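Raw entry.tsv, TSV, C-alpha atoms (C1' of nucleotides):
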```tsv
chain	number	residue	atom	x	y	z
B	12	MET	CA	17.47	65.63	-25.73
B	13	ASN	CA	19.13	62.72	-23.94
B	14	GLU	CA	16.99	59.59	-24.21
B	15	GLN	CA	18.71	58.01	-21.22
B	16	PHE	CA	17.53	60.82	-18.97
B	17	PHE	CA	14.15	60.84	-20.65
B	18	PHE	CA	13.38	57.17	-20.02
B	19	GLU	CA	14.93	57.25	-16.55
B	20	SER	CA	12.61	60.08	-15.68
B	21	LEU	CA	9.62	57.89	-16.58
B	22	SER	CA	10.80	54.97	-14.48
B	23	ASP	CA	9.65	56.40	-11.17
B	24	GLU	CA	6.01	56.32	-10.17
B	25	THR	CA	6.01	59.68	-8.39
B	26	ARG	CA	7.40	61.31	-11.52
B	27	ARG	CA	4.79	59.66	-13.70
B	28	ARG	CA	2.08	60.93	-11.36
B	29	ILE	CA	3.48	64.45	-11.69
B	30	LEU	CA	3.64	64.19	-15.47
B	31	VAL	CA	0.14	62.81	-15.84
B	32	LEU	CA	-1.27	65.61	-13.70
B	33	ILE	CA	0.59	68.24	-15.72
B	34	LEU	CA	-0.47	66.69	-19.00
B	35	LYS	CA	-4.07	66.80	-17.84
B	36	HIS	CA	-3.83	70.38	-16.56
B	37	GLU	CA	-1.29	72.12	-18.80
B	38	GLU	CA	0.50	73.87	-15.96
B	39	LEU	CA	0.66	73.35	-12.20
B	40	CYS	CA	2.62	74.87	-9.34
B	41	VAL	CA	4.58	72.95	-6.74
B	42	CYS	CA	2.03	73.42	-4.00
B	43	GLU	CA	-0.72	72.02	-6.20
B	44	LEU	CA	1.44	69.05	-7.07
B	45	PHE	CA	2.54	67.95	-3.64
B	46	GLN	CA	-0.94	68.31	-2.23
B	47	ALA	CA	-2.54	66.44	-5.11
B	48	LEU	CA	-0.03	63.62	-4.75
B	49	ASP	CA	-0.23	63.78	-0.98
B	50	VAL	CA	3.53	63.58	-0.49
B	51	PRO	CA	6.02	65.84	1.33
B	52	GLN	CA	6.96	69.00	-0.54
B	53	PRO	CA	10.73	68.27	-0.64
B	54	LYS	CA	9.96	64.96	-2.29
B	55	VAL	CA	8.04	66.60	-5.09
B	56	SER	CA	10.74	69.23	-5.51
B	57	ARG	CA	13.41	66.60	-5.90
B	58	HIS	CA	11.44	64.77	-8.54
B	59	LEU	CA	10.67	68.02	-10.32
B	60	ALA	CA	14.41	68.70	-10.38
B	61	VAL	CA	14.98	65.34	-12.06
B	62	LEU	CA	12.34	66.14	-14.66
B	63	ARG	CA	13.83	69.58	-15.20
B	64	GLU	CA	17.32	68.17	-15.67
B	65	ALA	CA	15.95	65.65	-18.12
B	66	VAL	CA	14.48	68.66	-19.96
B	67	VAL	CA	11.05	67.08	-19.80
B	68	LEU	CA	9.59	69.94	-17.79
B	69	ALA	CA	10.06	73.69	-18.01
B	70	GLN	CA	9.45	76.03	-15.11
B	71	ARG	CA	8.20	79.58	-14.76
B	72	ARG	CA	8.19	81.71	-11.67
B	73	GLU	CA	5.30	83.99	-10.81
B	74	GLY	CA	5.86	85.75	-7.52
B	75	LEU	CA	6.31	83.13	-4.85
B	76	TRP	CA	4.99	80.36	-7.00
B	77	VAL	CA	6.84	78.22	-9.49
B	78	TYR	CA	4.79	76.69	-12.28
B	79	TYR	CA	5.81	73.61	-14.17
B	80	ARG	CA	4.69	72.59	-17.63
B	81	ILE	CA	5.83	70.16	-20.32
B	82	ASN	CA	8.91	71.57	-21.99
B	83	PRO	CA	7.60	73.01	-25.27
B	84	LEU	CA	10.84	72.02	-27.00
B	85	LEU	CA	10.28	68.34	-26.28
B	86	PRO	CA	10.77	66.29	-29.47
B	87	THR	CA	7.61	64.90	-31.02
B	88	TRP	CA	8.44	61.26	-30.28
B	89	ALA	CA	8.98	62.12	-26.61
B	90	TYR	CA	5.74	64.05	-26.35
B	91	ARG	CA	3.86	61.19	-27.97
B	92	THR	CA	5.46	58.84	-25.48
B	93	LEU	CA	4.07	60.95	-22.67
B	94	GLU	CA	0.65	60.85	-24.26
B	95	GLN	CA	0.79	57.06	-24.39
B	96	MET	CA	1.81	57.05	-20.75
B	97	VAL	CA	-1.36	58.95	-19.90
B	98	GLN	CA	-3.30	56.33	-21.85
B	99	GLY	CA	-1.66	53.60	-19.82
B	100	CYS	CA	-1.66	55.22	-16.38
B	101	GLY	CA	-4.18	58.02	-16.40
B	102	ASP	CA	-7.17	55.88	-15.53
B	103	LEU	CA	-5.57	53.87	-12.76
B	104	GLU	CA	-6.98	54.35	-9.30
B	105	LEU	CA	-3.86	56.01	-7.92
B	106	PHE	CA	-3.73	58.57	-10.70
B	107	LEU	CA	-7.42	59.29	-10.55
B	108	SER	CA	-7.25	60.04	-6.85
B	109	ASP	CA	-4.44	62.52	-7.55
B	110	SER	CA	-6.77	64.34	-9.92
B	111	LYS	CA	-9.54	64.21	-7.38
B	112	ARG	CA	-7.42	65.70	-4.60
B	113	LEU	CA	-6.34	68.45	-6.95
B	114	ASP	CA	-9.92	69.28	-7.86
B	115	GLU	CA	-10.92	69.38	-4.21
B	116	MET	CA	-7.92	71.42	-3.10
B	117	PRO	CA	-8.84	74.70	-1.40
B	118	ASN	CA	-6.91	77.94	-2.04
B	119	ARG	CA	-5.35	76.94	-5.31
B	120	PRO	CA	-3.13	79.75	-6.53
B	121	VAL	CA	-4.76	81.89	-9.19
B	122	ARG	CA	-2.77	82.43	-12.33
B	123	CYS	CA	-2.97	86.05	-13.32
B	124	CYS	CA	-1.52	85.63	-16.79
B	125	ALA	CA	-1.24	81.96	-17.57
Y	26	MET	CA	0.44	44.74	-17.38
Y	27	ASN	CA	2.30	46.53	-14.61
Y	28	GLU	CA	3.34	50.01	-15.76
Y	29	GLN	CA	6.05	50.21	-13.12
Y	30	PHE	CA	7.83	47.22	-14.63
Y	31	PHE	CA	7.12	48.46	-18.13
Y	32	PHE	CA	8.76	51.84	-17.67
Y	33	GLU	CA	11.59	50.42	-15.58
Y	34	SER	CA	12.35	48.07	-18.40
Y	35	LEU	CA	12.80	51.05	-20.75
Y	36	SER	CA	15.13	52.88	-18.38
Y	37	ASP	CA	18.19	50.83	-19.26
Y	38	GLU	CA	20.09	51.45	-22.46
Y	39	THR	CA	20.98	47.82	-23.10
Y	40	ARG	CA	17.32	46.88	-22.87
Y	41	ARG	CA	16.34	49.66	-25.25
Y	42	ARG	CA	18.95	48.42	-27.71
Y	43	ILE	CA	17.47	44.94	-27.47
Y	44	LEU	CA	13.94	46.23	-27.97
Y	45	VAL	CA	14.83	48.43	-30.93
Y	46	LEU	CA	16.55	45.52	-32.67
Y	47	ILE	CA	13.59	43.25	-32.06
Y	48	LEU	CA	11.13	45.88	-33.23
Y	49	LYS	CA	13.14	46.27	-36.42
Y	50	HIS	CA	13.46	42.52	-37.01
Y	51	GLU	CA	10.30	40.99	-35.54
Y	52	GLU	CA	12.10	38.13	-33.84
Y	53	LEU	CA	15.70	37.47	-32.84
Y	54	CYS	CA	17.51	34.79	-30.90
Y	55	VAL	CA	19.87	35.34	-28.00
Y	56	CYS	CA	23.02	34.71	-30.01
Y	57	GLU	CA	22.00	37.29	-32.60
Y	58	LEU	CA	21.28	39.81	-29.87
Y	59	PHE	CA	24.46	39.56	-27.87
Y	60	GLN	CA	26.61	39.63	-30.98
Y	61	ALA	CA	24.76	42.57	-32.47
Y	62	LEU	CA	25.07	44.53	-29.23
Y	63	ASP	CA	28.64	43.32	-28.75
Y	64	VAL	CA	28.15	42.51	-25.08
Y	65	PRO	CA	28.71	39.30	-23.06
Y	66	GLN	CA	26.01	36.67	-23.45
Y	67	PRO	CA	25.09	36.51	-19.72
Y	68	LYS	CA	24.50	40.23	-19.77
Y	69	VAL	CA	22.00	39.98	-22.59
Y	70	SER	CA	20.29	37.01	-20.91
Y	71	ARG	CA	19.84	38.94	-17.68
Y	72	HIS	CA	18.28	41.88	-19.50
Y	73	LEU	CA	16.07	39.56	-21.51
Y	74	ALA	CA	14.88	38.07	-18.22
Y	75	VAL	CA	13.93	41.56	-17.02
Y	76	LEU	CA	11.99	42.18	-20.22
Y	77	ARG	CA	10.31	38.80	-19.94
Y	78	GLU	CA	9.28	39.44	-16.34
Y	79	ALA	CA	7.91	42.82	-17.35
Y	80	VAL	CA	5.89	40.88	-19.95
Y	81	VAL	CA	7.30	43.10	-22.69
Y	82	LEU	CA	8.91	40.21	-24.51
Y	83	ALA	CA	7.73	36.69	-25.21
Y	84	GLN	CA	10.05	33.80	-25.93
Y	85	ARG	CA	9.89	30.73	-28.06
Y	86	ARG	CA	12.31	27.84	-28.08
Y	87	GLU	CA	13.38	26.14	-31.30
Y	88	GLY	CA	15.89	23.41	-30.64
Y	89	LEU	CA	18.89	24.95	-28.94
Y	90	TRP	CA	17.86	28.45	-29.82
Y	91	VAL	CA	15.52	30.74	-27.95
Y	92	TYR	CA	13.81	33.44	-29.95
Y	93	TYR	CA	12.45	36.63	-28.45
Y	94	ARG	CA	9.72	38.82	-29.88
Y	95	ILE	CA	7.46	41.59	-28.59
Y	96	ASN	CA	4.77	40.07	-26.42
Y	97	PRO	CA	1.71	39.97	-28.70
Y	98	LEU	CA	-0.54	40.64	-25.70
Y	99	LEU	CA	1.12	44.00	-25.01
Y	100	PRO	CA	-1.51	46.72	-24.56
Y	101	THR	CA	-1.81	49.19	-27.40
Y	102	TRP	CA	-0.53	52.15	-25.42
Y	103	ALA	CA	2.59	50.17	-24.48
Y	104	TYR	CA	3.24	49.05	-28.03
Y	105	ARG	CA	2.87	52.61	-29.28
Y	106	THR	CA	5.32	53.70	-26.61
Y	107	LEU	CA	7.82	51.23	-27.99
Y	108	GLU	CA	7.26	52.58	-31.48
Y	109	GLN	CA	7.96	56.10	-30.26
Y	110	MET	CA	11.10	54.82	-28.62
Y	111	VAL	CA	12.29	53.53	-32.00
Y	112	GLN	CA	11.57	56.98	-33.42
Y	113	GLY	CA	13.68	58.58	-30.73
Y	114	CYS	CA	16.53	56.07	-30.52
Y	115	GLY	CA	16.51	54.05	-33.72
Y	116	ASP	CA	18.61	56.47	-35.71
Y	117	LEU	CA	21.23	57.16	-33.08
Y	118	GLU	CA	24.73	56.03	-33.91
Y	119	LEU	CA	24.82	53.36	-31.20
Y	120	PHE	CA	21.59	51.76	-32.34
Y	121	LEU	CA	22.55	51.91	-36.01
Y	122	SER	CA	25.80	50.10	-35.35
Y	123	ASP	CA	23.85	47.36	-33.57
Y	124	SER	CA	21.82	46.88	-36.74
Y	125	LYS	CA	24.97	46.91	-38.80
Y	126	ARG	CA	26.67	44.24	-36.73
Y	127	LEU	CA	23.56	42.10	-36.97
Y	128	ASP	CA	23.46	42.43	-40.75
Y	129	GLU	CA	27.13	41.51	-41.01
Y	130	MET	CA	26.91	38.59	-38.61
Y	131	PRO	CA	27.98	35.24	-40.10
Y	132	ASN	CA	26.15	31.99	-39.34
Y	133	ARG	CA	22.90	33.49	-38.21
Y	134	PRO	CA	20.52	30.75	-37.17
Y	135	VAL	CA	17.99	29.89	-39.85
Y	136	ARG	CA	14.39	29.85	-38.72
Y	137	CYS	CA	12.68	26.80	-40.13
Y	138	CYS	CA	9.17	27.91	-39.32
Y	139	ALA	CA	9.21	31.51	-38.22
V	11	DT	C1'	15.56	95.05	7.80
V	12	DG	C1'	12.94	91.26	9.55
V	13	DA	C1'	9.02	88.15	9.02
V	14	DT	C1'	6.75	85.03	6.20
V	15	DC	C1'	5.61	82.01	2.54
V	16	DA	C1'	6.87	78.87	-1.37
V	17	DT	C1'	10.30	76.17	-3.16
V	18	DA	C1'	14.90	73.96	-3.41
V	19	DT	C1'	18.84	71.56	-1.69
V	20	DC	C1'	21.59	68.88	1.62
V	21	DT	C1'	22.66	64.88	4.75
V	22	DG	C1'	22.74	60.32	6.19
V	23	DC	C1'	20.80	56.13	5.39
V	24	DC	C1'	19.03	51.86	3.08
V	25	DA	C1'	17.46	49.14	-0.89
V	26	DA	C1'	17.73	48.11	-5.57
V	27	DA	C1'	20.11	47.57	-9.99
V	28	DG	C1'	23.91	46.70	-12.87
V	29	DC	C1'	28.27	44.35	-13.80
V	30	DG	C1'	31.89	40.51	-14.76
V	31	DA	C1'	33.12	35.99	-13.86
V	32	DA	C1'	31.92	31.56	-12.80
V	33	DT	C1'	28.68	28.03	-12.99
V	34	DA	C1'	24.27	25.70	-13.97
V	35	DT	C1'	20.61	24.11	-17.06
V	36	DA	C1'	18.57	22.35	-21.17
V	37	DG	C1'	18.47	20.53	-25.63
V	38	DT	C1'	20.97	17.83	-29.43
V	39	DC	C1'	23.76	14.40	-31.40
V	40	DT	C1'	26.71	10.22	-31.52
F	3	DA	C1'	25.72	7.92	-21.29
F	4	DG	C1'	28.99	11.65	-22.67
F	5	DA	C1'	30.33	15.61	-25.43
F	6	DC	C1'	28.86	19.79	-27.21
F	7	DT	C1'	26.17	24.05	-27.94
F	8	DA	C1'	23.02	27.76	-26.57
F	9	DT	C1'	21.03	30.01	-22.91
F	10	DA	C1'	20.13	31.07	-17.94
F	11	DT	C1'	21.34	31.86	-13.22
F	12	DT	C1'	24.25	32.77	-9.20
F	13	DC	C1'	27.79	35.32	-6.53
F	14	DG	C1'	30.24	39.10	-4.76
F	15	DC	C1'	30.78	43.65	-5.53
F	16	DT	C1'	30.01	48.63	-6.58
F	17	DT	C1'	27.02	52.28	-8.03
F	18	DT	C1'	22.86	54.51	-8.18
F	19	DG	C1'	18.41	56.08	-6.58
F	20	DG	C1'	14.95	56.93	-3.37
F	21	DC	C1'	13.49	58.50	1.21
F	22	DA	C1'	12.71	61.48	5.52
F	23	DG	C1'	14.03	65.22	8.01
F	24	DA	C1'	16.55	69.33	8.45
F	25	DT	C1'	18.03	73.37	6.43
F	26	DA	C1'	18.82	76.82	2.81
F	27	DT	C1'	17.35	80.04	-0.81
F	28	DG	C1'	14.51	83.46	-2.87
F	29	DA	C1'	10.57	86.48	-3.35
F	30	DT	C1'	7.27	89.50	-1.07
F	31	DC	C1'	5.56	92.70	2.06
F	32	DA	C1'	5.38	95.33	6.35
```
What would you get if you wrote out this structure as structure tokens?
Amino acid sequence: MNEQFFFESLSDETRRRILVLILKHEELCVCELFQALDVPQPKVSRHLAVLREAVVLAQRREGLWVYYRINPLLPTWAYRTLEQMVQGCGDLELFLSDSKRLDEMPNRPVRCCA
Amino acid sequence: MNEQFFFESLSDETRRRILVLILKHEELCVCELFQALDVPQPKVSRHLAVLREAVVLAQRREGLWVYYRINPLLPTWAYRTLEQMVQGCGDLELFLSDSKRLDEMPNRPVRCCA
DNA sequence: TGATCATATCTGCCAAAGCGAATATAGTCT
DNA sequence: AGACTATATTCGCTTTGGCAGATATGATCA
């Protein structure tokens, strides 16, 4: 666990939006994320790559879909930091509308064995 | 409290070193900080300015010296985030040697009414 | 094998952030 | 006022980081 990468990964708003959504929903796939955030897919993929390289997120492939979740090996202090971030950001307008778009999204992929 | 500025302020290692020292010691002046970190004084002043503008630190002048402490108005979630940061970074070699240099520093300014 | 869908990476560009060195400001003391 | 000390800011430069748009990869199914 490299704290430099960890804190850098929190310094971007798009990445915080991704993390908050995943913390609220356990596990989400790329198509859910970029539609909830309403940003281009390559943009979300790049930020997911940053979060993967920082070992903050883990990924899992299921057919065509790739699901992202918080890395279960994240140290306790780092996980608690993420929880505090949700406290600080989760109720802001921008983050709430992400959740709303996700809830209203049609054709969300169905996990067969999540 | 702007979370963008808050998380950006944590994304730099020098600023984390400053924050960890201050969290461990309540209040420190600029000369203690730049000597403990063993970096040029203007560098520490620039980073302190970033932390001030992010409203993470508050300052207090006492004669020639300027003392910095955690902004007492910091929201709870942000303060807890800082505490988790100390958990994650405080025991790393780099941060420990900062503390050591501070302890061994001669002529530390004496607070008359801290 | 070729078509299709989901995701990832690359390219070229621009803006922001960090640095060292020099300089400015602000307070204190004689 | 002038000298001195502590701290802050500016300047010129280089590096890094983010973006959009285009393209590549990888899995699935006909």
Item to check | Interface list for chain Y, partner chain F, 8 Å threshold, all atoms listed in the file, as number ranges by chain | outcome: Y: 55-56, 67, 70-71, 89-91
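Nearest residue to Ala65 (chain B) among B:Asn82, B:Ser108, B:Gln95, B:Thr25 is B:Asn82, counting all atoms listed in the file.
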Which residues of chain Y sit at most 12 Å from chain V, using only C-alpha atoms (C1' of nucleotides)? Give each one's shortest atom pair and distance in Å (one decimal place), in chain and ascending residue order, as CSV.
```
residue,atom,partner,partner_atom,distance
Y:Glu33,CA,V:DA27,C1',10.6
Y:Ser34,CA,V:DA27,C1',11.5
Y:Ser36,CA,V:DA27,C1',11.1
Y:Asp37,CA,V:DG28,C1',9.5
Y:Glu38,CA,V:DG28,C1',11.4
Y:Thr39,CA,V:DG28,C1',10.7
Y:Arg40,CA,V:DG28,C1',12.0
Y:Val64,CA,V:DG30,C1',11.2
Y:Pro65,CA,V:DG30,C1',9.0
Y:Gln66,CA,V:DG30,C1',11.2
Y:Pro67,CA,V:DG30,C1',9.3
Y:Lys68,CA,V:DC29,C1',8.2
Y:Val69,CA,V:DC29,C1',11.6
Y:Arg71,CA,V:DG28,C1',10.0
Y:His72,CA,V:DG28,C1',9.9
Y:Val75,CA,V:DA27,C1',11.1
Y:Arg86,CA,V:DG37,C1',9.9
Y:Glu87,CA,V:DG37,C1',9.5
Y:Gly88,CA,V:DG37,C1',6.3
Y:Leu89,CA,V:DG37,C1',5.5
Y:Trp90,CA,V:DG37,C1',9.0
Y:Val91,CA,V:DG37,C1',10.9
```
Item to check | Residue hits in chain Y, query chain B, radius 8 Å, only C-alpha atoms, as a list in words | outcome: Glu28, Gln29, Phe32, Glu33, Leu35, Ser36, Asp37, Glu38, Trp102, Ala103, Arg105, Thr106, Gln109, Met110, Gln112, Gly113 and Cys114 of chain Y
Please produce a file of those selected residues containing C-alpha atoms, as a PDB file, in the frame of the given file.
```pdb
ATOM      1  CA  GLU Y  28       3.340  50.010 -15.760  1.00  0.00           C
ATOM      2  CA  GLN Y  29       6.050  50.210 -13.120  1.00  0.00           C
ATOM      3  CA  PHE Y  32       8.760  51.840 -17.670  1.00  0.00           C
ATOM      4  CA  GLU Y  33      11.590  50.420 -15.580  1.00  0.00           C
ATOM      5  CA  LEU Y  35      12.800  51.050 -20.750  1.00  0.00           C
ATOM      6  CA  SER Y  36      15.130  52.880 -18.380  1.00  0.00           C
ATOM      7  CA  ASP Y  37      18.190  50.830 -19.260  1.00  0.00           C
ATOM      8  CA  GLU Y  38      20.090  51.450 -22.460  1.00  0.00           C
ATOM      9  CA  TRP Y 102      -0.530  52.150 -25.420  1.00  0.00           C
ATOM     10  CA  ALA Y 103       2.590  50.170 -24.480  1.00  0.00           C
ATOM     11  CA  ARG Y 105       2.870  52.610 -29.280  1.00  0.00           C
ATOM     12  CA  THR Y 106       5.320  53.700 -26.610  1.00  0.00           C
ATOM     13  CA  GLN Y 109       7.960  56.100 -30.260  1.00  0.00           C
ATOM     14  CA  MET Y 110      11.100  54.820 -28.620  1.00  0.00           C
ATOM     15  CA  GLN Y 112      11.570  56.980 -33.420  1.00  0.00           C
ATOM     16  CA  GLY Y 113      13.680  58.580 -30.730  1.00  0.00           C
ATOM     17  CA  CYS Y 114      16.530  56.070 -30.520  1.00  0.00           C
TER      18      CYS Y 114
END
```
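CA of Lys35 (chain B) is positioned 14.4 Å from CA of Tyr78 (chain B).
Rounded to one decimal, CA of Glu129 (chain Y) and CA of Val81 (chain Y) lie 27.0 Å from each other.
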Each side padded by 8 Å, which centre and which edge lengths in Å (one decimal) define the axis-aligned box around the listed atoms of region 114-121 of chain Y? Give them as JSON.
```
{"center_x": 20.7, "center_y": 54.5, "center_z": -33.3, "size_x": 24.3, "size_y": 21.4, "size_z": 21.5}
```
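Coordinates place CA of Cys40 (chain B) at a distance of 14.4 Å from CA of Arg112 (chain B).
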